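**Q** File input.cif below, mmCIF, C-alpha atoms and all ligand atoms:
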```
data_input
#
loop_
_atom_site.label_atom_id
_atom_site.label_comp_id
_atom_site.auth_asym_id
_atom_site.auth_seq_id
_atom_site.Cartn_x
_atom_site.Cartn_y
_atom_site.Cartn_z
CA MET V 11 0.00 0.00 0.00
CA SER V 12 1.87 3.08 -1.17
CA GLU V 13 1.50 6.66 0.00
CA ILE V 14 0.14 8.78 -2.83
CA LEU V 15 -0.79 12.05 -1.12
CA GLN V 16 0.81 13.57 1.95
CA VAL V 17 -0.64 16.64 3.58
CA LEU V 18 1.93 18.04 5.97
CA ASP V 19 1.30 20.54 8.78
CA LEU V 20 -1.42 22.43 7.00
CA ASN V 21 -2.60 25.71 8.49
CA LYS V 22 -5.31 27.89 7.02
CA ASP V 23 -7.01 30.96 8.38
CA TYR V 24 -9.83 33.17 7.18
CA ASN V 25 -9.35 36.85 8.06
CA GLY V 26 -6.88 35.96 10.80
CA LYS V 27 -9.14 33.29 12.34
CA PRO V 28 -7.40 29.88 12.36
CA ILE V 29 -9.61 27.29 10.64
CA ILE V 30 -7.22 24.37 10.10
CA LYS V 31 -4.37 23.87 12.56
CA ASP V 32 -1.34 21.63 11.93
CA PHE V 33 -3.45 19.27 9.85
CA SER V 34 -1.57 16.26 8.46
CA ILE V 35 -3.00 13.25 6.67
CA THR V 36 -1.65 10.61 4.29
CA LEU V 37 -3.76 9.01 1.55
CA ARG V 38 -2.72 5.57 0.37
CA ASN V 39 -3.50 3.51 -2.71
CA ALA V 40 -6.24 0.93 -2.18
CA HIS V 41 -7.26 2.57 1.09
CA ILE V 42 -10.35 4.45 2.27
CA SER V 43 -9.69 7.29 4.73
CA THR V 44 -12.57 9.13 6.35
CA LEU V 45 -12.78 12.57 7.94
CA LEU V 46 -15.31 12.99 10.74
CA GLY V 47 -16.12 16.16 12.64
CA HIS V 48 -18.81 18.53 13.79
CA ASN V 49 -20.39 21.25 11.60
CA GLY V 50 -17.75 23.90 11.03
CA ALA V 51 -14.86 21.62 12.13
CA GLY V 52 -12.93 22.42 8.96
CA LYS V 53 -13.47 19.29 6.84
CA THR V 54 -14.54 21.14 3.67
CA THR V 55 -11.70 23.63 4.08
CA ALA V 56 -9.23 20.75 4.40
CA ILE V 57 -10.68 19.15 1.26
CA ARG V 58 -10.63 22.43 -0.68
CA THR V 59 -6.97 22.79 0.26
CA MET V 60 -6.19 19.27 -0.96
CA LEU V 61 -7.96 20.10 -4.22
CA GLY V 62 -5.62 23.08 -4.58
CA LEU V 63 -8.53 25.53 -4.37
CA GLU V 64 -7.38 27.46 -1.31
CA GLU V 65 -4.81 30.22 -1.47
CA LYS V 66 -2.54 31.49 1.29
CA ILE V 67 -2.02 28.21 3.07
CA ASN V 68 0.87 27.15 5.25
CA GLY V 69 2.10 23.60 4.91
CA GLU V 70 2.81 21.24 2.07
CA ILE V 71 0.82 18.87 -0.09
CA LEU V 72 2.91 16.22 -1.79
CA PHE V 73 1.56 14.07 -4.64
CA LYS V 74 3.83 11.08 -5.19
CA GLY V 75 6.48 12.95 -3.23
CA LYS V 76 6.32 16.23 -5.18
CA ASN V 77 4.60 19.45 -4.13
CA ILE V 78 1.31 19.75 -6.04
CA LYS V 79 2.36 23.25 -7.13
CA HIS V 80 5.19 21.62 -9.11
CA ASP V 81 2.74 20.31 -11.75
CA TYR V 82 -0.76 21.21 -10.67
CA LYS V 83 -2.27 20.32 -14.04
CA TYR V 84 -0.93 16.75 -13.82
CA TYR V 85 -2.10 16.44 -10.19
CA LYS V 86 -5.58 17.66 -11.13
CA SER V 87 -5.80 15.13 -13.96
CA LYS V 88 -5.26 12.33 -11.42
CA LEU V 89 -7.77 13.70 -8.94
CA GLY V 90 -11.50 13.04 -8.80
CA PHE V 91 -13.90 15.03 -6.65
CA ILE V 92 -17.54 14.43 -5.86
CA PRO V 93 -18.83 17.55 -4.11
CA ASP V 94 -21.72 17.85 -1.68
CA ASP V 95 -23.85 19.77 -4.13
CA ASP V 96 -25.65 19.16 -7.38
CA GLU V 97 -24.47 22.06 -9.51
CA LEU V 98 -24.60 20.97 -13.14
CA PHE V 99 -25.25 22.48 -16.57
CA ASP V 100 -29.05 22.42 -16.43
CA ASP V 101 -29.66 22.86 -20.15
CA LEU V 102 -27.71 19.74 -21.15
CA THR V 103 -28.88 16.16 -20.98
CA ALA V 104 -26.89 13.80 -18.74
CA MET V 105 -25.35 12.20 -21.82
CA GLU V 106 -24.36 15.58 -23.32
CA TYR V 107 -22.87 16.70 -20.02
CA LEU V 108 -20.84 13.51 -19.49
CA ASN V 109 -19.64 13.48 -23.12
CA PHE V 110 -18.55 17.09 -22.66
CA LEU V 111 -16.58 16.12 -19.53
CA GLY V 112 -15.02 13.14 -21.30
CA LYS V 113 -13.86 15.39 -24.15
CA THR V 114 -12.54 18.22 -21.95
CA ARG V 115 -10.65 15.69 -19.82
CA LYS V 116 -9.19 14.27 -23.06
CA ILE V 117 -10.25 10.70 -22.24
CA PRO V 118 -10.30 8.37 -25.27
CA LYS V 119 -13.91 8.35 -26.52
CA LYS V 120 -14.23 4.57 -26.31
CA ASP V 121 -13.28 4.71 -22.60
CA TYR V 122 -15.57 7.49 -21.49
CA VAL V 123 -18.50 6.09 -23.46
CA ASN V 124 -17.99 2.67 -21.83
CA ILE V 125 -17.60 4.07 -18.30
CA THR V 126 -20.55 6.45 -18.73
CA ASN V 127 -22.90 3.78 -20.07
CA HIS V 128 -21.89 1.30 -17.39
CA LEU V 129 -22.35 3.79 -14.53
CA LEU V 130 -25.61 5.22 -15.91
CA ASP V 131 -26.91 1.67 -15.90
CA VAL V 132 -25.61 0.74 -12.42
CA LEU V 133 -27.01 3.96 -10.95
CA ASP V 134 -30.43 3.48 -12.59
CA LEU V 135 -30.10 6.57 -14.80
CA TYR V 136 -29.72 4.98 -18.20
CA SER V 137 -33.33 5.44 -19.28
CA TYR V 138 -33.12 9.15 -18.31
CA ARG V 139 -29.82 9.77 -20.10
CA ASN V 140 -31.35 11.93 -22.83
CA ASN V 141 -33.45 14.05 -20.46
CA LEU V 142 -32.37 17.57 -19.55
CA LEU V 143 -30.55 17.81 -16.21
CA LYS V 144 -32.94 20.51 -15.05
CA THR V 145 -35.68 17.85 -14.98
CA TYR V 146 -33.65 15.60 -12.63
CA SER V 147 -34.39 15.17 -8.92
CA HIS V 148 -31.73 16.07 -6.33
CA GLY V 149 -30.72 12.40 -5.98
CA MET V 150 -30.47 11.92 -9.76
CA ARG V 151 -28.24 15.00 -9.99
CA ARG V 152 -26.00 13.61 -7.24
CA LYS V 153 -25.65 10.43 -9.30
CA VAL V 154 -24.47 12.50 -12.28
CA GLN V 155 -21.94 14.16 -9.94
CA ILE V 156 -20.73 10.69 -8.93
CA ILE V 157 -20.15 9.71 -12.57
CA SER V 158 -18.45 13.07 -13.26
CA GLY V 159 -16.02 12.46 -10.38
CA ILE V 160 -14.82 9.08 -11.62
CA ILE V 161 -15.25 9.28 -15.40
CA HIS V 162 -11.45 9.75 -15.82
CA ASN V 163 -10.54 6.83 -13.51
CA PRO V 164 -8.70 9.06 -10.99
CA GLU V 165 -5.88 7.82 -8.75
CA ILE V 166 -7.27 9.83 -5.83
CA LEU V 167 -10.99 10.24 -5.23
CA ILE V 168 -12.33 12.75 -2.70
CA ILE V 169 -16.01 12.55 -1.80
CA ASP V 170 -17.80 15.16 0.32
CA GLU V 171 -20.83 13.67 2.09
CA PRO V 172 -21.21 10.50 -0.03
CA THR V 173 -24.67 9.58 1.28
CA ASN V 174 -26.37 12.98 0.93
CA GLY V 175 -29.48 12.91 -1.23
CA LEU V 176 -29.25 9.18 -2.01
CA ASP V 177 -31.95 6.63 -1.22
CA PRO V 178 -31.02 3.43 0.70
CA ASP V 179 -30.68 1.38 -2.52
CA MET V 180 -28.27 3.93 -3.92
CA ILE V 181 -26.30 4.25 -0.68
CA ILE V 182 -25.67 0.50 -0.82
CA THR V 183 -24.81 0.64 -4.54
CA PHE V 184 -22.49 3.63 -4.06
CA LYS V 185 -20.79 1.90 -1.12
CA GLU V 186 -20.05 -1.10 -3.35
CA LEU V 187 -18.76 1.21 -6.07
CA ILE V 188 -16.42 2.99 -3.64
CA LYS V 189 -15.14 -0.35 -2.29
CA THR V 190 -14.60 -1.60 -5.85
CA LEU V 191 -12.56 1.50 -6.71
CA ARG V 192 -10.54 1.00 -3.52
CA ASP V 193 -9.89 -2.63 -4.43
CA LEU V 194 -8.73 -1.50 -7.87
CA GLY V 195 -6.11 0.70 -6.17
CA THR V 196 -7.71 4.15 -5.86
CA ALA V 197 -6.84 6.22 -2.79
CA ILE V 198 -10.13 7.47 -1.38
CA LEU V 199 -10.92 10.24 1.08
CA LEU V 200 -14.45 10.66 2.41
CA SER V 201 -15.91 13.38 4.56
CA THR V 202 -19.17 12.34 6.17
CA HIS V 203 -21.49 12.81 9.12
CA ASN V 204 -22.87 9.31 8.62
CA LEU V 205 -21.11 7.24 11.30
CA GLU V 206 -22.68 3.94 10.23
CA PHE V 207 -21.53 4.43 6.64
CA ALA V 208 -18.06 5.48 7.84
CA GLU V 209 -17.80 2.45 10.13
CA ASN V 210 -18.80 0.11 7.34
CA ILE V 211 -16.53 1.41 4.62
CA SER V 212 -13.43 3.04 6.14
CA ASP V 213 -9.98 1.60 6.55
CA SER V 214 -8.80 4.58 8.59
CA ILE V 215 -10.49 7.43 10.40
CA THR V 216 -9.48 10.98 11.28
CA ILE V 217 -11.61 12.92 13.76
CA ILE V 218 -11.33 16.72 13.65
CA LYS V 219 -12.54 19.20 16.24
CA ASN V 220 -12.28 22.96 15.72
CA GLY V 221 -9.75 22.52 12.92
CA GLU V 222 -7.46 20.20 14.88
CA ILE V 223 -7.01 16.45 14.54
CA LYS V 224 -8.09 14.77 17.77
CA ILE V 225 -7.25 11.23 16.68
CA SER V 226 -6.24 9.52 13.44
CA GLY V 227 -5.40 5.96 12.48
CA LEU V 228 -6.55 2.58 11.27
CA LYS V 229 -10.17 2.02 12.32
CA GLN V 230 -9.54 -1.25 14.14
CA HIS V 231 -6.54 0.17 16.04
CA MET V 232 -8.56 3.22 17.02
CA LEU V 233 -11.47 1.18 18.40
CA LYS V 234 -9.02 -0.98 20.34
CA GLU V 235 -7.05 1.98 21.68
CA LEU V 236 -10.21 3.76 22.82
CA GLN V 237 -11.65 0.49 24.20
CA VAL V 238 -14.96 0.95 22.39
CA ASN V 239 -17.11 -1.35 20.27
CA ASN V 240 -17.96 0.90 17.36
CA LEU V 241 -17.33 4.23 15.71
CA GLU V 242 -20.24 6.00 17.38
CA GLU V 243 -18.81 5.16 20.79
CA ALA V 244 -15.37 6.29 19.60
CA TYR V 245 -16.79 9.57 18.32
CA ILE V 246 -18.63 10.21 21.59
CA LYS V 247 -15.48 9.49 23.55
CA VAL V 248 -13.25 11.73 21.44
CA ASN V 249 -15.49 14.56 20.33
CA LEU V 250 -18.67 14.94 22.36
CA ASP V 251 -19.18 16.93 25.49
CA SER V 252 -20.64 14.43 28.00
CA GLN V 253 -22.39 17.25 29.91
CA LYS V 254 -24.21 18.23 26.72
CA LEU V 255 -25.35 14.62 26.22
CA GLN V 256 -26.60 14.52 29.80
CA SER V 257 -28.55 17.77 29.35
CA ILE V 258 -30.22 16.31 26.22
CA ARG V 259 -31.32 13.32 28.29
CA ASN V 260 -32.85 15.77 30.78
CA VAL V 261 -34.95 17.51 28.13
CA PHE V 262 -38.31 16.86 29.90
CA ASN V 263 -36.89 16.79 33.37
CA TYR V 264 -37.91 20.18 34.79
CA ALA V 265 -39.47 19.01 38.03
N1 LIG V 301 -14.80 31.53 2.72
C1 LIG V 301 -14.85 31.58 4.06
N2 LIG V 301 -14.64 32.75 4.72
C2 LIG V 301 -14.65 32.79 6.07
N3 LIG V 301 -14.85 31.71 6.87
C3 LIG V 301 -15.07 30.53 6.27
C4 LIG V 301 -15.08 30.40 4.85
N4 LIG V 301 -15.31 29.08 4.55
C5 LIG V 301 -15.44 28.45 5.73
N5 LIG V 301 -15.29 29.31 6.76
C6 LIG V 301 -15.34 28.98 8.19
O1 LIG V 301 -14.42 27.92 8.40
C7 LIG V 301 -14.92 27.02 9.39
C8 LIG V 301 -14.85 25.62 8.85
O2 LIG V 301 -15.80 25.49 7.78
P1 LIG V 301 -15.89 24.16 6.91
O3 LIG V 301 -16.91 24.42 5.85
O4 LIG V 301 -14.53 23.75 6.50
O5 LIG V 301 -16.46 23.12 8.00
P2 LIG V 301 -17.04 21.66 7.81
O6 LIG V 301 -16.34 20.79 8.80
O7 LIG V 301 -16.98 21.24 6.38
O8 LIG V 301 -18.56 21.87 8.26
P3 LIG V 301 -19.93 21.15 7.83
O9 LIG V 301 -19.87 19.77 8.43
O10 LIG V 301 -20.96 22.00 8.49
O11 LIG V 301 -20.00 21.15 6.33
C9 LIG V 301 -16.32 27.51 9.76
O12 LIG V 301 -16.22 28.27 10.95
C10 LIG V 301 -16.70 28.40 8.59
O13 LIG V 301 -17.55 29.43 9.01
#
```
What do you get writing this file as C-alpha cells?
**A**
Amino acid sequence: MSEILQVLDLNKDYNGKPIIKDFSITLRNAHISTLLGHNGAGKTTAIRTMLGLEEKINGEILFKGKNIKHDYKYYKSKLGFIPDDDELFDDLTAMEYLNFLGKTRKIPKKDYVNITNHLLDVLDLYSYRNNLLKTYSHGMRRKVQIISGIIHNPEILIIDEPTNGLDPDMIITFKELIKTLRDLGTAILLSTHNLEFAENISDSITIIKNGEIKISGLKQHMLKELQVNNLEEAYIKVNLDSQKLQSIRNVFNYA
C-alpha cells in the first residue's frame, strides 16, 4: 500500500481566524480514509486545500512525493472530486454533459462512453440519459456528480458527504462502487457525518474538532485503543461533550 498524497502541517485561516491547525493526513492507494467532525470543524476547508482551491495556506501537499504546485495540471488530472452539491449544466442532458466532460478531460472516446454507459446503468439513470438535467431530482443530480467524479478513472478520489441525497438502494450501490474502486487501487478520502456508513466502509479514520485532529489511524486500532465497540462510541469518547449529552437526556426533566 503506497502513499500517494501527503498533507503536511497544514494551516489555514480566514481573516486571521485559524480554521485548520497543523493538519496532516496521508492518503494511500487501495485505502479508504474518512474525515469525521462537527459542523464547522474544517473538513470542507481541508478538502478544498487538498484540491488546490485554497490560497494562502501554510504547509505542504505532496503528490507522489512532489509538491502539487510543481505540476498542478498533472495532479488535477489524477484527482476526482464528488462535491456535496448538485451544480450541473441544467440545459444539457446527462449524456451531453458527461460526453462534454469526457472530451474536456481528453479521455479516449471509447473509454468514457464505456464508463458512462456502465455507470448510468448501475445507478439506474440509463433510461433518463437523454433528459435535460434541469428535470432531474436532487438524488439523480447527485448520481451524475458521482459519474463526473470518476469518469477519468482518478488515482485519488475525494467525496464530500457521499450519502447525501441518495436513497437506501443507492447508498448500498455507491458503497459497493467505492469499495470496488478502492480494491482496484484508488486512494479514497471521504468526509461524512454518517457514522454507520463510515464504520462500514473506512480503513482509517481521522476525527477533527475545531480545525485540529483529535485522533487519526486505522479504524480497528482506534477502536481498540479507545476500548470501544464501534465508531459511534469512539466519536462520543473523542469529540462529544458528555455534559451536553446529559442535558439532552434531561430535556423533559424540569421538576
Ligand atoms: N470563505 C470563508 N470565509 C470565512 N470563513 C469561512 C469560509 N469558509 C469556511 N469558513 C469557516 O471555516 C470554518 C470551517 O468550515 P468548513 O466548511 O470547513 O467546515 P465543515 O467541517 O466542512 O462543516 P460542515 O460539516 O458544516 O459542512 C467555519 O467556521 C466556517 O464558518
**Q** What are the centre and the three edge lengths of an axis-aligned box that wraps all atoms of range 41-53 of chain V in the file, given that 4 Å is added to every side, written as lines of an AutoDock Vina configuration file and rounded to one decimal in Å?
**A**
```
center_x = -13.8
center_y = 13.2
center_z = 7.4
size_x = 21.1
size_y = 29.3
size_z = 20.7
```
**Q** Using Å and a single decimal, report how far CA of Ile215 in chain V sits from CA of Ser201 in chain V.
**A**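 If I compute the distance from CA of Ser201 in chain V to CA of Ile215 in chain V, I get 9.9 Å.
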**Q** Write out as JSON, numbers by chain which residues come within 6 Å of Ile168 in chain V when counting only C-alpha atoms, dropping same-chain ones fewer than 2 positions away.
**A** {"V": [91, 198, 199, 200]}
**Q** Suppose we keep C-alpha atoms; can you now write the selection as an mmCIF file, keeping the file's coordinate frame?
**A**
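Saved as again-v3.cif:
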```
data_model
loop_
_atom_site.group_PDB
_atom_site.id
_atom_site.type_symbol
_atom_site.label_atom_id
_atom_site.label_comp_id
_atom_site.auth_asym_id
_atom_site.auth_seq_id
_atom_site.Cartn_x
_atom_site.Cartn_y
_atom_site.Cartn_z
ATOM 1 C CA PHE V 91 -13.900 15.030 -6.650
ATOM 2 C CA ILE V 198 -10.130 7.470 -1.380
ATOM 3 C CA LEU V 199 -10.920 10.240 1.080
ATOM 4 C CA LEU V 200 -14.450 10.660 2.410
#
```
**Q** Taking only C-alpha atoms and all ligand atoms into account, report as an MDAnalysis selection string which residues have an atom no farther than 10 Å from an atom of ligand LIG 301 (chain V).
**A** chainID V and resid 22:30 45:59 64 94 170:171 201:203 218:221
**Q** Measure the distance from CA of Asp95 in chain V to CA of Arg151 in chain V in Å and round it to one decimal.
**A**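 Computing it gives 8.7 Å between the two atoms.
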**Q** How many Å separate CA of Ser212 in chain V from CA of His41 in chain V?
**A**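 Those two atoms sit 8.0 Å apart.
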**Q** Might you pull out every residue within 10 Å of Phe184 in chain V, with all atoms listed in the file counted and same-chain residues fewer than 6 positions away left off, and present them as number ranges by chain?
**A** V: 132-133, 153, 156, 172-173, 176, 178, 190
**Q** Which neighbours of Val17 in chain V fall inside 7 Å, counting only C-alpha atoms, when residues of the same chain fewer than 5 positions from it are skipped, and could you give them as a PyMOL selection string?
**A** chain V and resi 34-36+70-72
**Q** I want to know what sits within 12 Å of Ile166 in chain V, based on all atoms listed in the file, with residues of the same chain fewer than 4 positions away left out; could you give that as JSON, numbers by chain?
**A** {"V": [13, 14, 15, 16, 36, 37, 38, 39, 40, 41, 42, 43, 60, 61, 73, 74, 85, 86, 87, 88, 89, 90, 91, 92, 159, 160, 162, 188, 191, 192, 194, 195, 196, 197, 198, 199, 200]}
**Q** Could those selected residues go to a file with C-alpha atoms, as a PDB file, in the frame of the given file?
**A**
```pdb
ATOM      1  CA  GLU V  13       1.500   6.660   0.000  1.00  0.00           C
ATOM      2  CA  ILE V  14       0.140   8.780  -2.830  1.00  0.00           C
ATOM      3  CA  LEU V  15      -0.790  12.050  -1.120  1.00  0.00           C
ATOM      4  CA  GLN V  16       0.810  13.570   1.950  1.00  0.00           C
ATOM      5  CA  THR V  36      -1.650  10.610   4.290  1.00  0.00           C
ATOM      6  CA  LEU V  37      -3.760   9.010   1.550  1.00  0.00           C
ATOM      7  CA  ARG V  38      -2.720   5.570   0.370  1.00  0.00           C
ATOM      8  CA  ASN V  39      -3.500   3.510  -2.710  1.00  0.00           C
ATOM      9  CA  ALA V  40      -6.240   0.930  -2.180  1.00  0.00           C
ATOM     10  CA  HIS V  41      -7.260   2.570   1.090  1.00  0.00           C
ATOM     11  CA  ILE V  42     -10.350   4.450   2.270  1.00  0.00           C
ATOM     12  CA  SER V  43      -9.690   7.290   4.730  1.00  0.00           C
ATOM     13  CA  MET V  60      -6.190  19.270  -0.960  1.00  0.00           C
ATOM     14  CA  LEU V  61      -7.960  20.100  -4.220  1.00  0.00           C
ATOM     15  CA  PHE V  73       1.560  14.070  -4.640  1.00  0.00           C
ATOM     16  CA  LYS V  74       3.830  11.080  -5.190  1.00  0.00           C
ATOM     17  CA  TYR V  85      -2.100  16.440 -10.190  1.00  0.00           C
ATOM     18  CA  LYS V  86      -5.580  17.660 -11.130  1.00  0.00           C
ATOM     19  CA  SER V  87      -5.800  15.130 -13.960  1.00  0.00           C
ATOM     20  CA  LYS V  88      -5.260  12.330 -11.420  1.00  0.00           C
ATOM     21  CA  LEU V  89      -7.770  13.700  -8.940  1.00  0.00           C
ATOM     22  CA  GLY V  90     -11.500  13.040  -8.800  1.00  0.00           C
ATOM     23  CA  PHE V  91     -13.900  15.030  -6.650  1.00  0.00           C
ATOM     24  CA  ILE V  92     -17.540  14.430  -5.860  1.00  0.00           C
ATOM     25  CA  GLY V 159     -16.020  12.460 -10.380  1.00  0.00           C
ATOM     26  CA  ILE V 160     -14.820   9.080 -11.620  1.00  0.00           C
ATOM     27  CA  HIS V 162     -11.450   9.750 -15.820  1.00  0.00           C
ATOM     28  CA  ILE V 188     -16.420   2.990  -3.640  1.00  0.00           C
ATOM     29  CA  LEU V 191     -12.560   1.500  -6.710  1.00  0.00           C
ATOM     30  CA  ARG V 192     -10.540   1.000  -3.520  1.00  0.00           C
ATOM     31  CA  LEU V 194      -8.730  -1.500  -7.870  1.00  0.00           C
ATOM     32  CA  GLY V 195      -6.110   0.700  -6.170  1.00  0.00           C
ATOM     33  CA  THR V 196      -7.710   4.150  -5.860  1.00  0.00           C
ATOM     34  CA  ALA V 197      -6.840   6.220  -2.790  1.00  0.00           C
ATOM     35  CA  ILE V 198     -10.130   7.470  -1.380  1.00  0.00           C
ATOM     36  CA  LEU V 199     -10.920  10.240   1.080  1.00  0.00           C
ATOM     37  CA  LEU V 200     -14.450  10.660   2.410  1.00  0.00           C
TER      38      LEU V 200
END
```
**Q** Which is closer to Lys224 in chain V than all the others in V:Lys120, V:Lys66, V:Lys31, V:Arg259, using only C-alpha atoms?
**A**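 Ranked by minimum distance to Lys224 in chain V, first place goes to V:Lys31.
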**Q** Return the single residue from V:Leu167, V:Ile211, V:Leu205, V:Ile78 that is closest to Glu186 in chain V, with distances computed using all atoms listed in the file.
**A**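 Closest to Glu186 in chain V of all the choices is V:Ile211.
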**Q** When distances are computed from only C-alpha atoms, which of V:Thr44, V:Asn204, V:Ile117, V:Glu106 shows the smallest separation from Gly227 in chain V?
**A**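 Looking only at the distances to Gly227 in chain V, the closest residue turns out to be V:Thr44.
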**Q** Determine the nearest neighbour of Thr114 in chain V from the options V:Asn141, V:Ile217, V:Ile161, V:Thr126, counting all atoms listed in the file.
**A**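 Residue with the minimum atom-to-atom distance to Thr114 in chain V: V:Ile161.
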**Q** Which neighbours of Glu206 in chain V fall inside 8 Å, counting all atoms listed in the file, when residues of the same chain fewer than 3 positions from it are skipped, and could you give them as an MDAnalysis selection string?
**A** chainID V and resid 209:210 241:242
**Q** Within 10 Å of (-27.2, 13.6, -22.9), in the coordinates the file gives, what residues turn up when you count only C-alpha atoms, written out as an MDAnalysis selection string?
**A** chainID V and resid 101:110 138:143
